[in-house]
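Student: My structure file my_file05.cif, mmCIF, C-alpha atoms, pLDDT in the B column; chains and numbers go by the auth columns, is below:
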```cif
data_structure
loop_
_atom_site.group_PDB
_atom_site.id
_atom_site.type_symbol
_atom_site.label_atom_id
_atom_site.label_comp_id
_atom_site.label_asym_id
_atom_site.label_seq_id
_atom_site.Cartn_x
_atom_site.Cartn_y
_atom_site.Cartn_z
_atom_site.B_iso_or_equiv
_atom_site.auth_seq_id
_atom_site.auth_asym_id
ATOM 1 C CA MET A 1 0.000 0.000 0.000 35.00 1 A
ATOM 2 C CA SER A 2 1.262 3.470 -0.873 36.00 2 A
ATOM 3 C CA ALA A 3 2.068 6.020 1.769 38.00 3 A
ATOM 4 C CA PRO A 4 0.098 9.253 1.521 39.00 4 A
ATOM 5 C CA ALA A 5 1.899 12.378 0.389 39.00 5 A
ATOM 6 C CA GLN A 6 3.103 14.525 3.251 39.00 6 A
ATOM 7 C CA PRO A 7 1.596 18.030 3.338 42.00 7 A
ATOM 8 C CA GLY A 8 4.055 20.847 2.813 44.00 8 A
ATOM 9 C CA ARG A 9 6.529 18.679 0.933 53.00 9 A
ATOM 10 C CA PRO A 10 7.220 19.346 -2.745 70.00 10 A
ATOM 11 C CA ARG A 11 5.373 17.090 -5.123 88.00 11 A
ATOM 12 C CA ARG A 12 7.183 14.230 -6.727 95.00 12 A
ATOM 13 C CA VAL A 13 6.990 14.756 -10.474 97.00 13 A
ATOM 14 C CA ALA A 14 8.091 12.415 -13.259 98.00 14 A
ATOM 15 C CA LEU A 15 8.072 12.471 -17.039 98.00 15 A
ATOM 16 C CA VAL A 16 7.779 9.333 -19.161 98.00 16 A
ATOM 17 C CA PRO A 17 7.050 9.023 -22.886 98.00 17 A
ATOM 18 C CA GLY A 18 3.696 7.857 -24.180 96.00 18 A
ATOM 19 C CA VAL A 19 5.258 5.309 -26.506 95.00 19 A
ATOM 20 C CA LEU A 20 2.982 2.400 -27.404 94.00 20 A
ATOM 21 C CA ALA A 21 5.952 0.022 -27.301 93.00 21 A
ATOM 22 C CA LEU A 22 5.588 0.115 -23.497 95.00 22 A
ATOM 23 C CA LEU A 23 2.181 -1.601 -23.748 95.00 23 A
ATOM 24 C CA PRO A 24 1.977 -5.413 -23.597 90.00 24 A
ATOM 25 C CA GLU A 25 -0.025 -5.683 -26.821 88.00 25 A
ATOM 26 C CA TYR A 26 2.960 -4.244 -28.689 85.00 26 A
ATOM 27 C CA ALA A 27 5.482 -6.611 -27.083 78.00 27 A
ATOM 28 C CA SER A 28 7.539 -9.000 -29.164 79.00 28 A
ATOM 29 C CA LEU A 29 9.968 -11.811 -28.393 80.00 29 A
ATOM 30 C CA VAL A 30 12.782 -9.279 -28.062 85.00 30 A
ATOM 31 C CA ASP A 31 11.972 -6.104 -26.130 87.00 31 A
ATOM 32 C CA PRO A 32 13.119 -3.208 -28.342 87.00 32 A
ATOM 33 C CA VAL A 33 12.740 -0.709 -25.474 92.00 33 A
ATOM 34 C CA ALA A 34 13.981 -2.699 -22.466 93.00 34 A
ATOM 35 C CA ASP A 35 16.065 0.186 -21.049 95.00 35 A
ATOM 36 C CA LEU A 36 13.230 2.655 -21.573 97.00 36 A
ATOM 37 C CA ARG A 37 10.734 0.264 -19.961 96.00 37 A
ATOM 38 C CA ALA A 38 12.965 -0.263 -16.918 96.00 38 A
ATOM 39 C CA ALA A 39 13.488 3.475 -16.452 98.00 39 A
ATOM 40 C CA ALA A 40 9.767 4.237 -16.873 98.00 40 A
ATOM 41 C CA LEU A 41 8.743 1.539 -14.388 98.00 41 A
ATOM 42 C CA GLY A 42 11.341 2.843 -11.933 98.00 42 A
ATOM 43 C CA ALA A 43 10.042 6.405 -12.188 98.00 43 A
ATOM 44 C CA VAL A 44 6.379 5.398 -11.923 98.00 44 A
ATOM 45 C CA GLY A 45 7.143 3.110 -8.980 98.00 45 A
ATOM 46 C CA TRP A 46 8.932 6.002 -7.270 98.00 46 A
ATOM 47 C CA LEU A 47 5.823 8.157 -7.732 97.00 47 A
ATOM 48 C CA ALA A 48 3.467 5.424 -6.509 97.00 48 A
ATOM 49 C CA GLU A 49 5.447 5.147 -3.252 96.00 49 A
ATOM 50 C CA ALA A 50 4.162 8.638 -2.365 94.00 50 A
ATOM 51 C CA GLY A 51 0.450 7.908 -2.882 93.00 51 A
ATOM 52 C CA PRO A 52 -2.136 8.060 -5.661 94.00 52 A
ATOM 53 C CA VAL A 53 -0.583 9.450 -8.839 95.00 53 A
ATOM 54 C CA GLU A 54 -2.113 12.267 -10.839 94.00 54 A
ATOM 55 C CA VAL A 55 -1.686 11.629 -14.567 95.00 55 A
ATOM 56 C CA VAL A 56 -1.296 14.414 -17.118 95.00 56 A
ATOM 57 C CA ALA A 57 -1.537 12.793 -20.538 96.00 57 A
ATOM 58 C CA ASP A 58 -3.356 12.635 -23.847 96.00 58 A
ATOM 59 C CA ALA A 59 -5.424 9.538 -24.724 96.00 59 A
ATOM 60 C CA GLN A 60 -2.423 7.455 -25.804 96.00 60 A
ATOM 61 C CA GLY A 61 -0.449 8.574 -22.770 97.00 61 A
ATOM 62 C CA GLN A 62 -3.347 7.629 -20.498 96.00 62 A
ATOM 63 C CA ARG A 63 -3.149 4.060 -21.817 96.00 63 A
ATOM 64 C CA VAL A 64 0.591 3.947 -21.192 97.00 64 A
ATOM 65 C CA ALA A 65 0.238 5.496 -17.719 98.00 65 A
ATOM 66 C CA ALA A 66 -2.529 3.057 -16.737 97.00 66 A
ATOM 67 C CA HIS A 67 -0.363 0.113 -17.774 97.00 67 A
ATOM 68 C CA LEU A 68 2.751 1.391 -15.980 98.00 68 A
ATOM 69 C CA LEU A 69 0.787 2.152 -12.812 98.00 69 A
ATOM 70 C CA ALA A 70 -0.788 -1.322 -12.890 97.00 70 A
ATOM 71 C CA GLU A 71 2.662 -2.871 -13.275 97.00 71 A
ATOM 72 C CA VAL A 72 3.966 -1.154 -10.130 98.00 72 A
ATOM 73 C CA GLY A 73 0.762 -1.497 -8.100 96.00 73 A
ATOM 74 C CA GLY A 74 0.027 2.219 -8.217 94.00 74 A
ATOM 75 C CA VAL A 75 -3.283 4.052 -8.310 91.00 75 A
ATOM 76 C CA ALA A 76 -4.248 7.005 -10.510 90.00 76 A
ATOM 77 C CA THR A 77 -6.220 10.031 -9.335 86.00 77 A
ATOM 78 C CA GLN A 78 -7.674 13.074 -11.102 70.00 78 A
ATOM 79 C CA PRO A 79 -5.160 15.238 -12.991 64.00 79 A
ATOM 80 C CA LEU A 80 -3.715 18.299 -11.324 57.00 80 A
ATOM 81 C CA ASP A 81 -5.996 18.521 -8.327 56.00 81 A
ATOM 82 C CA ALA A 82 -5.078 20.996 -5.632 57.00 82 A
ATOM 83 C CA GLY A 83 -3.199 18.380 -3.603 71.00 83 A
ATOM 84 C CA ASP A 84 0.471 17.774 -3.148 83.00 84 A
ATOM 85 C CA GLY A 85 0.541 14.179 -4.362 90.00 85 A
ATOM 86 C CA PRO A 86 2.819 12.808 -7.059 95.00 86 A
ATOM 87 C CA VAL A 87 2.287 13.727 -10.711 96.00 87 A
ATOM 88 C CA LEU A 88 3.107 11.673 -13.795 97.00 88 A
ATOM 89 C CA VAL A 89 3.406 13.636 -17.034 97.00 89 A
ATOM 90 C CA VAL A 90 3.322 11.484 -20.156 98.00 90 A
ATOM 91 C CA ALA A 91 4.931 13.306 -23.086 98.00 91 A
ATOM 92 C CA ASN A 92 7.943 13.141 -25.365 97.00 92 A
ATOM 93 C CA GLY A 93 10.103 15.222 -27.642 97.00 93 A
ATOM 94 C CA THR A 94 10.014 15.435 -31.397 98.00 94 A
ATOM 95 C CA ALA A 95 9.257 12.529 -33.735 97.00 95 A
ATOM 96 C CA ARG A 96 11.243 13.915 -36.664 97.00 96 A
ATOM 97 C CA ARG A 97 14.850 13.210 -35.690 97.00 97 A
ATOM 98 C CA GLY A 98 15.801 10.879 -38.537 94.00 98 A
ATOM 99 C CA GLU A 99 14.893 9.514 -41.970 92.00 99 A
ATOM 100 C CA LYS A 100 13.078 6.538 -40.385 90.00 100 A
ATOM 101 C CA ALA A 101 11.287 8.610 -37.748 94.00 101 A
ATOM 102 C CA PRO A 102 7.469 8.620 -37.865 93.00 102 A
ATOM 103 C CA GLY A 103 7.520 12.177 -39.225 89.00 103 A
ATOM 104 C CA HIS A 104 10.726 11.740 -41.245 91.00 104 A
ATOM 105 C CA LEU A 105 13.693 14.046 -40.811 96.00 105 A
ATOM 106 C CA ASP A 106 13.203 17.712 -39.985 97.00 106 A
ATOM 107 C CA ASP A 107 16.372 19.700 -39.305 97.00 107 A
ATOM 108 C CA ARG A 108 14.555 21.741 -36.648 98.00 108 A
ATOM 109 C CA ALA A 109 13.878 18.668 -34.475 98.00 109 A
ATOM 110 C CA ARG A 110 17.261 18.276 -32.762 97.00 110 A
ATOM 111 C CA PRO A 111 17.636 21.972 -31.870 97.00 111 A
ATOM 112 C CA PHE A 112 14.062 21.977 -30.524 97.00 112 A
ATOM 113 C CA ASP A 113 14.772 18.893 -28.392 97.00 113 A
ATOM 114 C CA ASP A 114 18.043 20.424 -27.193 95.00 114 A
ATOM 115 C CA ARG A 115 16.160 23.525 -25.989 95.00 115 A
ATOM 116 C CA LEU A 116 13.483 21.322 -24.437 96.00 116 A
ATOM 117 C CA ALA A 117 16.144 19.283 -22.604 95.00 117 A
ATOM 118 C CA VAL A 118 17.592 22.468 -21.129 93.00 118 A
ATOM 119 C CA ALA A 119 14.082 23.574 -20.082 95.00 119 A
ATOM 120 C CA LEU A 120 13.575 20.184 -18.406 96.00 120 A
ATOM 121 C CA GLY A 121 16.895 20.585 -16.586 93.00 121 A
ATOM 122 C CA VAL A 122 18.561 17.694 -18.392 90.00 122 A
ATOM 123 C CA PRO A 123 21.102 19.179 -20.801 72.00 123 A
ATOM 124 C CA ALA A 124 23.480 16.537 -22.123 61.00 124 A
ATOM 125 C CA GLY A 125 22.002 14.021 -19.689 49.00 125 A
ATOM 126 C CA ALA A 126 23.362 15.833 -16.617 55.00 126 A
ATOM 127 C CA ALA A 127 21.181 16.846 -13.681 61.00 127 A
ATOM 128 C CA GLY A 128 20.314 20.487 -13.781 79.00 128 A
ATOM 129 C CA ALA A 129 17.678 23.033 -12.899 89.00 129 A
ATOM 130 C CA PRO A 130 14.470 23.175 -14.930 94.00 130 A
ATOM 131 C CA ASP A 131 13.294 26.377 -16.563 94.00 131 A
ATOM 132 C CA PRO A 132 9.556 26.555 -15.763 95.00 132 A
ATOM 133 C CA ALA A 133 9.003 29.665 -17.900 96.00 133 A
ATOM 134 C CA ALA A 134 10.521 28.012 -20.970 96.00 134 A
ATOM 135 C CA LEU A 135 8.357 24.926 -20.431 96.00 135 A
ATOM 136 C CA ALA A 136 5.181 26.947 -19.882 94.00 136 A
ATOM 137 C CA THR A 137 5.735 28.899 -23.092 93.00 137 A
ATOM 138 C CA LEU A 138 6.745 26.121 -25.493 95.00 138 A
ATOM 139 C CA ASP A 139 5.982 27.038 -29.097 95.00 139 A
ATOM 140 C CA GLU A 140 2.886 24.892 -29.691 95.00 140 A
ATOM 141 C CA SER A 141 2.843 25.543 -33.421 97.00 141 A
ATOM 142 C CA LEU A 142 6.439 24.422 -33.957 98.00 142 A
ATOM 143 C CA ALA A 143 5.960 21.533 -31.533 97.00 143 A
ATOM 144 C CA GLY A 144 2.982 20.408 -33.599 97.00 144 A
ATOM 145 C CA GLU A 145 4.996 20.533 -36.811 97.00 145 A
ATOM 146 C CA LEU A 146 7.742 18.455 -35.163 98.00 146 A
ATOM 147 C CA LEU A 147 5.236 15.912 -33.800 97.00 147 A
ATOM 148 C CA VAL A 148 6.041 16.511 -30.138 98.00 148 A
ATOM 149 C CA GLY A 149 4.035 14.125 -27.972 96.00 149 A
ATOM 150 C CA HIS A 150 1.559 15.957 -25.700 97.00 150 A
ATOM 151 C CA VAL A 151 2.777 19.561 -25.655 97.00 151 A
ATOM 152 C CA ALA A 152 0.147 20.447 -23.040 96.00 152 A
ATOM 153 C CA GLY A 153 1.785 17.982 -20.655 96.00 153 A
ATOM 154 C CA LEU A 154 5.205 19.507 -21.200 97.00 154 A
ATOM 155 C CA ARG A 155 3.721 22.953 -20.610 96.00 155 A
ATOM 156 C CA ALA A 156 2.094 21.653 -17.408 94.00 156 A
ATOM 157 C CA LEU A 157 5.596 20.859 -16.147 95.00 157 A
ATOM 158 C CA GLY A 158 6.187 24.611 -16.239 94.00 158 A
ATOM 159 C CA ARG A 159 3.490 24.993 -13.555 92.00 159 A
ATOM 160 C CA LEU A 160 4.717 22.026 -11.502 92.00 160 A
ATOM 161 C CA LEU A 161 8.468 22.630 -11.381 93.00 161 A
ATOM 162 C CA THR A 162 10.631 25.330 -9.857 92.00 162 A
ATOM 163 C CA PRO A 163 14.250 26.192 -10.665 91.00 163 A
ATOM 164 C CA GLU A 164 15.283 24.802 -7.267 91.00 164 A
ATOM 165 C CA ARG A 165 14.268 21.268 -8.275 90.00 165 A
ATOM 166 C CA ARG A 166 16.910 19.003 -9.720 90.00 166 A
ATOM 167 C CA ALA A 167 16.278 16.559 -12.503 92.00 167 A
ATOM 168 C CA GLU A 168 17.312 12.927 -12.199 93.00 168 A
ATOM 169 C CA VAL A 169 17.541 11.451 -15.681 94.00 169 A
ATOM 170 C CA GLY A 170 16.717 7.775 -16.001 95.00 170 A
ATOM 171 C CA TYR A 171 16.640 7.677 -19.784 96.00 171 A
ATOM 172 C CA ALA A 172 17.401 10.063 -22.639 95.00 172 A
ATOM 173 C CA ASP A 173 17.580 8.670 -26.164 96.00 173 A
ATOM 174 C CA ASP A 174 15.880 8.769 -29.532 95.00 174 A
ATOM 175 C CA PRO A 175 15.182 5.233 -30.707 91.00 175 A
ATOM 176 C CA PHE A 176 13.059 5.165 -33.837 91.00 176 A
ATOM 177 C CA GLY A 177 13.853 8.867 -34.394 95.00 177 A
ATOM 178 C CA VAL A 178 11.662 10.013 -31.470 97.00 178 A
ATOM 179 C CA GLN A 179 13.158 11.788 -28.439 97.00 179 A
ATOM 180 C CA TYR A 180 12.197 10.072 -25.183 97.00 180 A
ATOM 181 C CA TRP A 181 13.065 11.129 -21.657 97.00 181 A
ATOM 182 C CA VAL A 182 12.387 9.545 -18.298 98.00 182 A
ATOM 183 C CA VAL A 183 13.030 12.178 -15.649 97.00 183 A
ATOM 184 C CA ARG A 184 12.215 12.532 -11.935 96.00 184 A
ATOM 185 C CA TRP A 185 12.080 15.747 -9.949 95.00 185 A
ATOM 186 C CA ALA A 186 11.996 15.273 -6.171 81.00 186 A
#
```
Just dump the structure as structure tokens.
Tutor:
Amino acid sequence: MSAPAQPGRPRRVALVPGVLALLPEYASLVDPVADLRAAALGAVGWLAEAGPVEVVADAQGQRVAAHLLAEVGGVATQPLDAGDGPVLVVANGTARRGEKAPGHLDDRARPFDDRLAVALGVPAGAAGAPDPAALATLDESLAGELLVGHVAGLRALGRLLTPERRAEVGYADDPFGVQYWVVRWA
């Protein structure tokens, strides 16, 4: 059973991608995202330790979040209530980072993801401070063109994080030409 969140403590927040490969119906004999799966389960388990988890996701992300929470024995609650419980944001970077990416190559994708990584506090995979203002004001039009997964979720991180929080990166890579991060902010 999960322990309730302690009032007055900063919320635990985590980011995982809404990639369908994390769902059992997309599994194959060889797990193409084993490292990503392990990092995502670790982050979601960490959230679930603090109580019911609020999920901020689009429809696909909701499916992924429900599966990950079930795997770790966690429980979901309504998104962004006024509480101080843990929050899972399901979103990812661009899907146009290579010729075989879902959206094919767009030269603007890598620079966009680089700026997004800095805003998340994870430049070059190192722990750093997030930039809430940069997250809250992501260019939705450009993000849409670059097939960013759930921009509203990334913008919500701008309301949840403060510059004092430090990012712990569990995964940062772009298999299949899509930028995925698994990040925790305690």
Student: Would you kindly translate the PyMOL selection byres ((chain A and resi 98) around 12) into the concrete residues it picks from this file, as a ChimeraX atom specification?
Tutor: /A:94-97,99-110,146,174-179
Student: When you count all atoms listed in the file, which of these residues is closest to Val89 (chain A): A:Val72, A:Leu135, A:Ala66, A:Leu15?
Tutor: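 Closest to Val89 (chain A), using all atoms listed in the file: A:Leu15.
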Student: I need the output of the PyMOL selection byres ((chain A and resi 63) around 12) for this file as number ranges by chain; which residues are they?
Tutor: A: 17-25, 55-62, 64-70, 76, 90
Student: Can you tell me how far CA of Gly170 (chain A) sits from CA of Val182 (chain A), in Å to one decimal?
Tutor: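 So the answer is 5.2 Å.
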Student: How many Å separate CA of Pro52 (chain A) from CA of Val75 (chain A)?
Tutor: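 Straight-line distance from CA of Pro52 (chain A) to CA of Val75 (chain A) works out to 4.9 Å.
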Student: Rank nothing, just name the residue among A:Leu160, A:Ala167, A:Ala136, A:Leu88 nearest to Pro123 (chain A), using all atoms listed in the file.
Tutor: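 Of all the options, A:Ala167 lies closest to Pro123 (chain A).
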Student: For Asp114 (chain A), which of A:Gly153, A:Gly45, A:Gly73, A:Gly93 is the closest residue, counting all atoms listed in the file?
Tutor: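 Using all atoms listed in the file, Asp114 (chain A) sits closest to A:Gly93.
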Student: Find, counting only C-alpha atoms, the residue in A:Ala143, A:Pro10, A:Glu164, A:Ala186 that gets nearest to Ala91 (chain A).
Tutor: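 Using only C-alpha atoms, Ala91 (chain A) sits closest to A:Ala143.
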Student: If the PyMOL selection byres ((chain A and resi 163) around 12) were run on this exact file, what residues would it hold? Put them as a list in words.
Tutor: Val118, Ala119, Leu120, Gly121, Gly128, Ala129, Pro130, Asp131, Pro132, Ala133, Ala134, Leu135, Leu157, Gly158, Arg159, Leu160, Leu161, Thr162, Glu164, Arg165, Arg166, Ala167 and Trp185 of chain A
Student: Limited to C-alpha atoms, could you put the picked residues into a file as an mmCIF file, in the frame of the given file?
Tutor:
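Below is the file that was written, again28.cif:
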```
data_model
loop_
_atom_site.group_PDB
_atom_site.id
_atom_site.type_symbol
_atom_site.label_atom_id
_atom_site.label_comp_id
_atom_site.auth_asym_id
_atom_site.auth_seq_id
_atom_site.Cartn_x
_atom_site.Cartn_y
_atom_site.Cartn_z
ATOM 1 C CA VAL A 118 17.592 22.468 -21.129
ATOM 2 C CA ALA A 119 14.082 23.574 -20.082
ATOM 3 C CA LEU A 120 13.575 20.184 -18.406
ATOM 4 C CA GLY A 121 16.895 20.585 -16.586
ATOM 5 C CA GLY A 128 20.314 20.487 -13.781
ATOM 6 C CA ALA A 129 17.678 23.033 -12.899
ATOM 7 C CA PRO A 130 14.470 23.175 -14.930
ATOM 8 C CA ASP A 131 13.294 26.377 -16.563
ATOM 9 C CA PRO A 132 9.556 26.555 -15.763
ATOM 10 C CA ALA A 133 9.003 29.665 -17.900
ATOM 11 C CA ALA A 134 10.521 28.012 -20.970
ATOM 12 C CA LEU A 135 8.357 24.926 -20.431
ATOM 13 C CA LEU A 157 5.596 20.859 -16.147
ATOM 14 C CA GLY A 158 6.187 24.611 -16.239
ATOM 15 C CA ARG A 159 3.490 24.993 -13.555
ATOM 16 C CA LEU A 160 4.717 22.026 -11.502
ATOM 17 C CA LEU A 161 8.468 22.630 -11.381
ATOM 18 C CA THR A 162 10.631 25.330 -9.857
ATOM 19 C CA GLU A 164 15.283 24.802 -7.267
ATOM 20 C CA ARG A 165 14.268 21.268 -8.275
ATOM 21 C CA ARG A 166 16.910 19.003 -9.720
ATOM 22 C CA ALA A 167 16.278 16.559 -12.503
ATOM 23 C CA TRP A 185 12.080 15.747 -9.949
#
```
Student: Which is closer to Val122 (chain A) than all the others in A:Val33, A:Ser141, A:Val169, A:Glu54, using only C-alpha atoms?
Tutor: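 For Val122 (chain A), the nearest of the candidates is A:Val169.
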Student: From the options A:Gly85, A:Leu142, A:Ala14, A:Ala38, which residue's atoms come nearest to Ala156 (chain A), counting all atoms listed in the file?
Tutor: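 Distance minimum relative to Ala156 (chain A) lands on A:Ala14.
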Student: Find the distance between CA of Leu138 (chain A) and CA of Leu116 (chain A) and write it in Å to one decimal.
Tutor: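 Separating CA of Leu138 (chain A) from CA of Leu116 (chain A) is a distance of 8.3 Å.
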